[in-house]
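Comments concern the structure below.
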Amino acid sequence: MNIYLFIIIFSLAGACLLGIFSRQLNRKALSPELPAEFNGTFDADEYRKSQDYAKAGMGFENISSSITTLITILFILWGGFNTIDLWANGFGYGPVLTGLIFYAGLAVLSDIVSLPFSLYSTFVIEEKFGFNKTTIGTFFMDKLKGYLLGGIIGGAILSGVLLFFNAAGPLAWLWCWLFTVVVTLGVQYIAPTWILPLFNKFTPLEDGELRDKIEKFAAENGFELSGIFMIDGSKRSTKANAYFTGFGKKKRIALFDTLINSLSTDELVAVLAHEIGHSKLGHIRKMMIMSIINTGAVFLLMSFFLGNTELFAAFGMQNISVHAGLIFFALLYTPVSIVLSIFSNVRSRKHEFEADAFAAQTTHTPDALVNALKKLSVSNLSNLTPHPFYVWLEYSHPPVLKRIDALRAFE
């Protein structure tokens, strides 16, 4: 067997089996006994419901990942990439347009495979457990907007990458890296005002105690804001959330209406103090730098494989092209990507503990964040007893009980 084909098939199957194994461990770790910390917060029915939700999610993920992995492997073995490549080349355009047609064809096929799973997850599982508020119209309108944005932004990045790799010589990887970084940073800069409002309505938070306390906390901690907004998250889900968007002078706070309705003013300020902590402690800057370095390393490694005849032979390709080489390298990179994601999660969990500590120290009310975490765990039906291996493999945030234990030290 072609060595590259072996590595890719083994990696895809291995990643799928690893996910199933970790979810089985996680399922067995579900405890019928409510942790003492949550006495008085979770009632018996809610706690049982949270475990049923976790089981349903893990079972669905096992099925969906198995089917998509099997389809991907069969697509490779049956020469699917070669078929799409011949179709794209049949239009007779140059390498850039041919590449974009190739990616468009793969995107359509991928969406055909994933659509039933997305529909089932949203309108069966999320509906059953009381989370879904999305209508069929909103669901497909979101997909249409996603297609348009993907075509514009993704098309621009891919066009640049294809152009450089086809025409810029040995330093093409460097030009691709710089181009991708510039476009990505530009998208992050315009996202708060031009992209995110396409999906949600952003309403300036009305004057009152909450706005006053948020602005006071931000000012006291030297955090400059361009706005505080409430977004209509409830039109899609009952789950609560908050986030920051933009950077530099374009930073803004976005509060889901579901979050505002779930927490007290002090609890909301504590949640936002945690998010501000990420910025003040340099977590966002560090993650961005690491992402930029990783992107450069990927482009450099990629440059060594784009013309590799053995790699193209693994996929039964009749033509060697940059656009196909990018996909093949991404598949070959799967095991490295898994390892890097684990280390990224370890670093992310450390940052979450540090941001919690920042919130506890700056608000002087660690109990406010503890209570917020408890309420969010109940409203989101969080798994309170995840298996350590599953946490290590999948969690970007520490388990809620670990976070609460760490916050107790500041009382």
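In the structure tokens, chains take the letters A, B, ... in the order shown, each chain's residues start at 1, and ligands count up from 1 in the order shown.
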
Please, which residues in segment 267-319 of chain A fall within 10 Å of segment 181-202 of chain A when counting only C-alpha atoms, and what is the closest atom pair and distance in Å to one decimal for each, ordered by chain then residue number, as a Markdown table?
```
| residue | atom | partner | partner_atom | distance |
| --- | --- | --- | --- | --- |
| A:Met288 | CA | A:Leu185 | CA | 9.5 |
| A:Ser291 | CA | A:Val181 | CA | 9.4 |
| A:Ile292 | CA | A:Val181 | CA | 6.7 |
| A:Ile293 | CA | A:Val181 | CA | 9.9 |
| A:Thr295 | CA | A:Val181 | CA | 8.2 |
| A:Gly296 | CA | A:Val181 | CA | 9.1 |
```

Write out as a short mmCIF file (atom, residue, chain, number, x, y, z; two decimals) with C-alpha atoms, in the first residue's frame the residues lying within 7 Å of segment 378-395 of chain A, counting only C-alpha atoms and excluding same-chain residues fewer than 4 positions away.
```cif
data_model
loop_
_atom_site.label_atom_id
_atom_site.label_comp_id
_atom_site.auth_asym_id
_atom_site.auth_seq_id
_atom_site.Cartn_x
_atom_site.Cartn_y
_atom_site.Cartn_z
CA SER A 22 -13.07 8.83 24.96
CA ARG A 23 -16.84 9.32 24.75
CA LEU A 25 -15.18 6.63 29.08
CA ASN A 26 -17.07 9.88 29.52
CA ALA A 29 -18.05 8.61 34.30
CA LEU A 30 -21.59 10.00 34.53
CA SER A 31 -22.50 9.79 38.19
CA PHE A 42 -29.76 21.23 40.44
CA SER A 50 -28.43 16.79 32.10
CA GLN A 51 -27.14 13.22 32.06
CA ALA A 54 -24.93 14.14 27.66
CA LYS A 239 -28.41 28.51 26.02
CA ILE A 342 -4.52 18.64 22.72
CA ASN A 345 -6.63 22.70 25.01
CA LYS A 374 -23.61 27.07 38.70
CA PRO A 399 -14.76 21.14 34.29
CA VAL A 400 -17.02 23.45 36.27
CA LEU A 401 -16.31 21.73 39.62
#
```

Practice item. Apply DSSP to the backbone of this structure and, from segment 117-288 of chain A, keep only the residues in helix (DSSP H, G or I); write these as a PyMOL selection string. Key: chain A and resi 117-128+136-167+169-198+209-220+233-235+248-250+257-262+265-280+283-288

Check your understanding: Near Leu12 of chain A, within 10 Å and counting only C-alpha atoms, which residues show up once chain neighbours fewer than 3 positions away are dropped, as a list in words?
Key -> Ile7, Ile8, Ile9, Ala15, Cys16, Leu17, Leu18, Thr69, Leu70, Thr72, Ile73, Leu331, Leu332, Thr334 and Pro335 of chain A

Exercise for review: Might you pull out every residue within 8 Å of Gly316 of chain A, with only C-alpha atoms counted and same-chain residues fewer than 4 positions away left off, and present them as a ChimeraX atom specification?
Suggested key: /A:79,82,312

Review point. Leaving out Ser303 of chain A and any residue of its chain fewer than 5 positions from it, which residues lie within 9 Å of it when counting only C-alpha atoms, given as a PyMOL selection string?
Key: chain A and resi 165+170+172-173+298

Check your understanding: Would you give me, as a list in words, the residues in segment 146-389 of chain A that DSSP reads as strand (DSSP E or B)?
Key ->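 DSSP-assigned strand (DSSP E or B) residues in segment 146-389 of chain A: Phe202, Thr203, Pro204, Gly227, Ile228, Phe229, Met230, Ile231, Ser237, Ala242, Tyr243, Phe244, Thr245, Arg252, Ile253, Ala254, Leu255 and Phe256 of chain A.
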
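Between atom CA of Ala44 of chain A and atom CA of Phe129 of chain A lies a distance of 15.5 Å.
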
Exercise for review: Name all residues at most 7 Å from Val322 of chain A (count only C-alpha atoms; drop same-chain ones fewer than 2 positions away) and give them as an MDAnalysis selection string.
Suggested key: chainID A and resid 162 165:166 306 324:326

How would the residues just picked look written out with C-alpha atoms as a CSV table (one decimal), in the first residue's frame?
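Below is the file that was written, result-v3.csv:
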```csv
chain,number,residue,atom,x,y,z
A,162,LEU,CA,-3.4,29.3,-5.1
A,165,PHE,CA,1.8,28.7,-4.8
A,166,ASN,CA,1.4,28.6,-8.6
A,306,LEU,CA,2.4,20.0,-3.1
A,324,ALA,CA,-5.6,19.2,-4.7
A,325,GLY,CA,-2.3,19.2,-2.9
A,326,LEU,CA,-3.6,21.6,-0.3
```

**Study point:** Selection: 12 Å around Lys216 of chain A, only C-alpha atoms, excl. self and same-chain fewer than 6 positions, as a PyMOL selection string
**Key:** chain A and resi 209-210+222-225+269+273+362-363

Point to revise | Nearest to Pro95 of chain A, chosen from A:Arg408, A:Lys133, A:His351, A:His323, with only C-alpha atoms counted in the distances | key: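 Distance minimum relative to Pro95 of chain A lands on A:His323.
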
Exercise for review: Find, counting only C-alpha atoms, the residue in A:Phe299, A:Phe75, A:Phe410, A:Phe81 that gets nearest to Leu171 of chain A.
Suggested key: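 Of the candidates, the smallest distance to Leu171 of chain A is held by A:Phe299.
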
Study note, to complete from the structure: re atom CA of Gln318 of chain A and atom CA of Phe305 of chain A: distance 16.5 Å
